[in-house]
>>> print(open('my_file_4.cif').read())   # mmCIF, C-alpha atoms
data_data
loop_
_atom_site.group_PDB
_atom_site.id
_atom_site.type_symbol
_atom_site.label_atom_id
_atom_site.label_comp_id
_atom_site.auth_asym_id
_atom_site.auth_seq_id
_atom_site.Cartn_x
_atom_site.Cartn_y
_atom_site.Cartn_z
ATOM 1 C CA MET A 24 -134.820 77.111 -17.337
ATOM 2 C CA LYS A 25 -137.784 76.378 -15.101
ATOM 3 C CA ASN A 26 -136.835 72.701 -15.066
ATOM 4 C CA LEU A 27 -133.182 73.560 -14.262
ATOM 5 C CA LEU A 28 -133.921 75.599 -11.112
ATOM 6 C CA PRO A 29 -135.544 72.744 -9.149
ATOM 7 C CA SER A 30 -132.605 70.554 -10.055
ATOM 8 C CA LEU A 31 -130.110 73.118 -8.817
ATOM 9 C CA LEU A 32 -132.027 73.552 -5.578
ATOM 10 C CA ALA A 33 -132.105 69.808 -5.084
ATOM 11 C CA ILE A 34 -128.367 69.565 -5.692
ATOM 12 C CA SER A 35 -127.760 72.480 -3.345
ATOM 13 C CA ALA A 36 -129.937 70.863 -0.678
ATOM 14 C CA SER A 37 -128.090 67.620 -1.025
ATOM 15 C CA LEU A 38 -124.695 69.361 -0.748
ATOM 16 C CA SER A 39 -125.549 71.814 2.090
ATOM 17 C CA PRO A 40 -125.070 69.356 4.963
ATOM 18 C CA HIS A 41 -121.612 68.512 3.682
ATOM 19 C CA THR A 42 -120.826 72.178 3.091
ATOM 20 C CA SER A 43 -121.746 73.165 6.656
ATOM 21 C CA GLU A 44 -119.774 70.211 7.979
ATOM 22 C CA ALA A 45 -116.763 71.430 5.985
ATOM 23 C CA PHE A 46 -116.753 74.757 7.855
ATOM 24 C CA ALA A 47 -117.933 73.433 11.232
ATOM 25 C CA PRO A 48 -115.252 72.155 13.592
ATOM 26 C CA SER A 49 -115.023 68.404 13.878
ATOM 27 C CA ASN A 50 -115.578 66.589 17.138
ATOM 28 C CA VAL A 51 -111.829 65.983 17.403
ATOM 29 C CA GLU A 52 -111.096 69.657 16.842
ATOM 30 C CA CYS A 53 -113.729 70.658 19.381
ATOM 31 C CA SER A 54 -112.273 68.232 21.884
ATOM 32 C CA SER A 55 -108.784 69.519 21.167
ATOM 33 C CA ARG A 56 -109.862 73.141 21.556
ATOM 34 C CA THR A 57 -111.681 72.294 24.757
ATOM 35 C CA ARG A 58 -108.594 70.615 26.153
ATOM 36 C CA SER A 59 -106.432 73.520 24.975
ATOM 37 C CA THR A 60 -108.744 76.048 26.624
ATOM 38 C CA THR A 61 -108.823 74.023 29.823
ATOM 39 C CA HIS A 62 -105.027 73.736 29.777
ATOM 40 C CA LEU A 63 -104.582 77.467 29.237
ATOM 41 C CA SER A 64 -107.040 78.184 32.023
ATOM 42 C CA ALA A 65 -105.243 75.786 34.335
ATOM 43 C CA THR A 66 -101.871 77.285 33.357
ATOM 44 C CA ALA A 67 -103.190 80.783 34.001
ATOM 45 C CA ASP A 68 -104.546 79.696 37.372
ATOM 46 C CA SER A 69 -101.244 78.034 38.223
ATOM 47 C CA SER A 70 -99.261 81.112 37.155
ATOM 48 C CA ARG A 71 -101.592 83.305 39.165
ATOM 49 C CA ARG A 72 -101.163 81.078 42.217
ATOM 50 C CA ASP A 73 -97.365 81.102 41.792
ATOM 51 C CA PHE A 74 -97.351 84.878 41.440
ATOM 52 C CA LEU A 75 -99.489 85.373 44.524
ATOM 53 C CA SER A 76 -97.335 82.895 46.422
ATOM 54 C CA ASN A 77 -94.169 84.788 45.444
ATOM 55 C CA VAL A 78 -95.726 88.066 46.460
ATOM 56 C CA ALA A 79 -96.764 86.611 49.810
ATOM 57 C CA THR A 80 -93.259 85.212 50.361
ATOM 58 C CA ALA A 81 -91.646 88.537 49.474
ATOM 59 C CA ALA A 82 -94.033 90.386 51.749
ATOM 60 C CA ALA A 83 -93.304 87.997 54.598
ATOM 61 C CA SER A 84 -89.569 88.435 54.103
ATOM 62 C CA ALA A 85 -89.877 92.214 54.041
ATOM 63 C CA SER A 86 -92.037 92.095 57.146
ATOM 64 C CA ALA A 87 -89.457 89.941 58.912
ATOM 65 C CA LEU A 88 -86.718 92.434 58.034
ATOM 66 C CA VAL A 89 -88.741 95.369 59.275
ATOM 67 C CA LEU A 90 -90.039 93.717 62.432
ATOM 68 C CA SER A 91 -86.910 91.803 63.453
ATOM 69 C CA PRO A 92 -84.853 93.547 66.149
ATOM 70 C CA LEU A 93 -81.664 95.260 64.994
ATOM 71 C CA PRO A 94 -78.392 94.067 66.523
ATOM 72 C CA SER A 95 -77.118 96.312 69.286
ATOM 73 C CA VAL A 96 -74.347 98.610 68.103
ATOM 74 C CA ALA A 97 -72.810 98.600 71.577
ATOM 75 C CA ASP A 98 -72.928 94.849 72.123
ATOM 76 C CA VAL A 99 -69.859 94.093 74.202
ATOM 77 C CA SER A 100 -70.274 90.327 73.718
ATOM 78 C CA ASP A 101 -69.721 90.808 69.967
ATOM 79 C CA GLY A 102 -66.539 92.755 70.612
ATOM 80 C CA ASN A 103 -67.853 95.961 69.034
ATOM 81 C CA VAL A 104 -66.860 98.159 71.964
ATOM 82 C CA LEU A 105 -64.609 97.960 74.976
ATOM 83 C CA PRO A 106 -66.268 97.213 78.318
ATOM 84 C CA GLN A 107 -66.694 99.900 80.963
ATOM 85 C CA GLY A 108 -63.295 100.790 82.421
ATOM 86 C CA ALA A 109 -61.265 99.375 79.540
ATOM 87 C CA ALA A 110 -62.535 102.097 77.187
ATOM 88 C CA GLN A 111 -61.520 104.820 79.636
ATOM 89 C CA PHE A 112 -58.142 103.179 80.196
ATOM 90 C CA SER A 113 -57.522 103.087 76.440
ATOM 91 C CA ARG A 114 -58.369 106.785 76.086
ATOM 92 C CA VAL A 115 -56.101 107.777 78.981
ATOM 93 C CA ILE A 116 -53.146 105.920 77.454
ATOM 94 C CA LYS A 117 -53.811 107.610 74.115
ATOM 95 C CA VAL A 118 -54.033 111.090 75.666
ATOM 96 C CA ARG A 119 -50.813 110.575 77.595
ATOM 97 C CA ALA A 120 -48.996 109.592 74.375
ATOM 98 C CA GLN A 121 -50.427 112.618 72.576
ATOM 99 C CA LEU A 122 -49.375 114.953 75.385
ATOM 100 C CA SER A 123 -45.827 113.593 75.194
ATOM 101 C CA SER A 124 -45.803 114.170 71.436
ATOM 102 C CA VAL A 125 -47.150 117.721 71.769
ATOM 103 C CA ALA A 126 -44.613 118.561 74.495
ATOM 104 C CA LYS A 127 -41.769 117.304 72.286
ATOM 105 C CA ARG A 128 -43.044 119.409 69.397
ATOM 106 C CA VAL A 129 -43.329 122.540 71.538
ATOM 107 C CA THR A 130 -39.964 122.252 73.296
ATOM 108 C CA GLU A 131 -37.948 121.268 70.213
ATOM 109 C CA ASN A 132 -39.641 123.291 67.463
ATOM 110 C CA ALA A 133 -41.133 126.314 69.206
ATOM 111 C CA ASP A 134 -39.995 128.675 66.440
ATOM 112 C CA GLU A 135 -42.131 126.761 63.912
ATOM 113 C CA ILE A 136 -45.365 127.016 65.907
ATOM 114 C CA ASP A 137 -47.733 129.764 64.754
ATOM 115 C CA LYS A 138 -50.807 131.193 66.460
ATOM 116 C CA LYS A 139 -53.114 128.653 64.857
ATOM 117 C CA GLU A 140 -51.086 125.748 66.232
ATOM 118 C CA TRP A 141 -50.944 127.315 69.711
ATOM 119 C CA ASP A 142 -54.728 127.551 69.588
ATOM 120 C CA GLN A 143 -54.893 123.859 68.714
ATOM 121 C CA ILE A 144 -52.640 123.080 71.683
ATOM 122 C CA ASP A 145 -54.972 125.064 73.925
ATOM 123 C CA ASN A 146 -57.914 122.988 72.655
ATOM 124 C CA PHE A 147 -55.922 119.820 73.252
ATOM 125 C CA LEU A 148 -55.548 120.759 76.918
ATOM 126 C CA ARG A 149 -59.301 120.294 77.257
ATOM 127 C CA THR A 150 -58.836 116.744 76.011
ATOM 128 C CA VAL A 151 -56.171 116.140 78.645
ATOM 129 C CA TYR A 152 -58.487 117.546 81.311
ATOM 130 C CA GLY A 153 -61.212 115.182 80.099
ATOM 131 C CA ALA A 154 -58.799 112.265 80.533
ATOM 132 C CA GLY A 155 -58.925 113.088 84.242
ATOM 133 C CA GLU A 156 -62.632 112.264 84.203
ATOM 134 C CA ASP A 157 -61.847 108.887 82.629
ATOM 135 C CA MET A 158 -59.232 108.319 85.322
ATOM 136 C CA LYS A 159 -61.892 108.890 87.984
ATOM 137 C CA VAL A 160 -63.927 106.052 86.509
ATOM 138 C CA ILE A 161 -60.868 103.789 86.441
ATOM 139 C CA ALA A 162 -59.978 104.677 90.040
ATOM 140 C CA LYS A 163 -63.305 103.266 91.218
ATOM 141 C CA GLY A 164 -61.933 99.826 90.488
ATOM 142 C CA ILE A 165 -58.974 100.201 92.868
ATOM 143 C CA PHE A 166 -59.668 98.055 95.940
ATOM 144 C CA ASP A 167 -56.790 99.221 98.116
ATOM 145 C CA PRO A 168 -58.114 102.271 100.053
ATOM 146 C CA GLU A 169 -54.695 103.962 100.232
ATOM 147 C CA LYS A 170 -54.011 103.526 96.547
ATOM 148 C CA LYS A 171 -57.488 104.715 95.685
ATOM 149 C CA THR A 172 -57.032 107.880 97.774
ATOM 150 C CA GLN A 173 -53.654 108.572 96.150
ATOM 151 C CA ALA A 174 -55.119 108.020 92.686
ATOM 152 C CA GLU A 175 -57.834 110.578 93.387
ATOM 153 C CA LYS A 176 -55.158 113.072 94.508
ATOM 154 C CA ASP A 177 -53.131 112.478 91.341
ATOM 155 C CA ILE A 178 -56.195 113.071 89.196
ATOM 156 C CA LYS A 179 -56.940 116.333 90.971
ATOM 157 C CA LEU A 180 -53.324 117.483 90.577
ATOM 158 C CA LEU A 181 -53.327 116.527 86.901
ATOM 159 C CA GLN A 182 -56.435 118.541 86.124
ATOM 160 C CA GLY A 183 -54.961 121.459 88.069
ATOM 161 C CA LEU A 184 -51.787 121.269 85.962
ATOM 162 C CA VAL A 185 -53.829 121.282 82.781
ATOM 163 C CA GLN A 186 -55.518 124.502 83.866
ATOM 164 C CA ALA A 187 -52.126 125.959 84.771
ATOM 165 C CA ALA A 188 -50.768 125.004 81.338
ATOM 166 C CA GLN A 189 -53.172 127.430 79.680
ATOM 167 C CA LYS A 190 -51.006 130.360 80.817
ATOM 168 C CA PRO A 191 -47.765 129.344 79.023
ATOM 169 C CA VAL A 192 -49.810 128.372 75.974
ATOM 170 C CA ALA A 193 -51.487 131.779 75.890
ATOM 171 C CA ASN A 194 -48.060 133.428 76.243
ATOM 172 C CA LYS A 195 -46.515 131.081 73.674
ATOM 173 C CA ASP A 196 -44.040 130.031 76.366
ATOM 174 C CA ALA A 197 -42.605 126.777 75.058
ATOM 175 C CA LYS A 198 -40.288 126.219 78.021
ATOM 176 C CA GLY A 199 -43.053 126.801 80.574
ATOM 177 C CA PHE A 200 -45.376 124.449 78.726
ATOM 178 C CA GLY A 201 -42.664 121.780 78.647
ATOM 179 C CA VAL A 202 -42.265 121.951 82.436
ATOM 180 C CA VAL A 203 -45.992 121.549 83.050
ATOM 181 C CA ALA A 204 -46.273 118.742 80.498
ATOM 182 C CA ALA A 205 -43.426 116.845 82.172
ATOM 183 C CA LYS A 206 -45.144 117.075 85.568
ATOM 184 C CA ALA A 207 -48.394 115.898 84.034
ATOM 185 C CA ASP A 208 -46.655 112.906 82.471
ATOM 186 C CA GLY A 209 -45.242 112.033 85.903
ATOM 187 C CA LEU A 210 -48.763 112.020 87.353
ATOM 188 C CA PHE A 211 -49.937 109.735 84.563
ATOM 189 C CA GLU A 212 -47.101 107.343 85.377
ATOM 190 C CA GLU A 213 -47.869 107.366 89.096
ATOM 191 C CA PHE A 214 -51.550 106.745 88.407
ATOM 192 C CA PHE A 215 -50.752 103.689 86.278
ATOM 193 C CA ASP A 216 -48.449 102.362 88.998
ATOM 194 C CA LEU A 217 -51.321 102.522 91.459
ATOM 195 C CA LEU A 218 -53.350 100.234 89.257
ATOM 196 C CA ARG A 219 -50.885 97.405 89.746
ATOM 197 C CA ASP A 220 -52.053 94.968 92.386
ATOM 198 C CA VAL A 221 -48.836 92.981 92.455
ATOM 199 C CA PRO A 222 -47.054 93.329 95.837
ATOM 200 C CA ASP A 223 -43.772 95.252 95.734
ATOM 201 C CA GLU A 224 -41.802 92.302 97.180
ATOM 202 C CA LEU A 225 -42.704 90.207 94.159
#
>>> encode(input="my_file_4.cif", output="structure tokens")
Amino acid sequence: MKNLLPSLLAISASLSPHTSEAFAPSNVECSSRTRSTTHLSATADSSRRDFLSNVATAAASASALVLSPLPSVADVSDGNVLPQGAAQFSRVIKVRAQLSSVAKRVTENADEIDKKEWDQIDNFLRTVYGAGEDMKVIAKGIFDPEKKTQAEKDIKLLQGLVQAAQKPVANKDAKGFGVVAAKADGLFEEFFDLLRDVPDEL
């Protein structure tokens, strides 16, 4: 037994270098792992750079959206709104058409109109009066002094008629309202005639 132990130790000593080499990574494996680690590190760095670049790009885009000036809502050059004068003219034409429609309704179907509708007609008269203010703006563009003076008179008469129309409306007087509305329509027509610059002889 005593002779066997030294032999076993000698065998173990002779095998131990090979045993440790069996469990130790080879040079190829070490090189491969080193390359793999380097590649992963490089990939991580690249991914990190790409991520930061994307974030920077997104931030720049957001900043551009926030800091860039908004387009003007009332930009006439883009056709979003009518220019000064044309907008007023459009409203006046619309109000005249509405007044004609209301007058037709009142004169032809007075028995169907209840208090609520008469109240709505009274409110509409304020709209017609406001059209007179638009007509004042339009009249500023009339170059002929005589026509301009007549236009101003027509506007004043129109607004006076609108105030007078409140009485038949309050009294639910369909016939009286129809008379006033007809006179108002005549003033609208005369006003539009004054805007024509074409000589009568043509």
>>> resolve_selection(input="my_file_4.cif", expression="the PyMOL selection byres ((chain A and resi 171) around 12)", output="list in words")
Met158, Lys159, Val160, Ile161, Ala162, Lys163, Gly164, Ile165, Phe166, Asp167, Pro168, Glu169, Lys170, Thr172, Gln173, Ala174, Glu175, Lys176, Asp177, Ile178, Glu213, Phe214, Phe215, Asp216, Leu217, Leu218, Arg219 and Asp220 of chain A
>>> atom_distance(input="my_file_4.cif", atom1="CA of Ala205 (chain A)", atom2="CA of Ser123 (chain A)")
8.1 Å
>>> resolve_selection(input="my_file_4.cif", expression="the PyMOL selection byres ((chain A and resi 116) around 12)", output="number ranges by chain")
A: 109-115, 117-123, 151, 154-155, 157-158, 208, 211-212, 214-215
>>> atom_distance(input="my_file_4.cif", atom1="CA of Lys179 (chain A)", atom2="CA of Lys138 (chain A)")
29.3 Å
>>> atom_distance(input="my_file_4.cif", atom1="CA of Val129 (chain A)", atom2="CA of Ala188 (chain A)")
12.5 Å
>>> closest_residue(input="my_file_4.cif", among="A:Val125, A:Gly183, A:Gly108, A:Gly209", to="Trp141 (chain A)", atoms="all atoms listed in the file")
A:Val125
>>> residues_around(input="my_file_4.cif", residues="Asp196 (chain A)", least_positions_apart="3", cutoff="10 Å", atoms="all atoms listed in the file", output="short mmCIF file (atom, residue, chain, number, x, y, z; two decimals) with C-alpha atoms, keeping the file's coordinate frame")
data_model
loop_
_atom_site.label_atom_id
_atom_site.label_comp_id
_atom_site.auth_asym_id
_atom_site.auth_seq_id
_atom_site.Cartn_x
_atom_site.Cartn_y
_atom_site.Cartn_z
CA VAL A 129 -43.33 122.54 71.54
CA THR A 130 -39.96 122.25 73.30
CA ALA A 133 -41.13 126.31 69.21
CA TRP A 141 -50.94 127.32 69.71
CA ALA A 188 -50.77 125.00 81.34
CA LYS A 190 -51.01 130.36 80.82
CA PRO A 191 -47.76 129.34 79.02
CA VAL A 192 -49.81 128.37 75.97
CA ALA A 193 -51.49 131.78 75.89
CA GLY A 199 -43.05 126.80 80.57
CA PHE A 200 -45.38 124.45 78.73
CA GLY A 201 -42.66 121.78 78.65
#
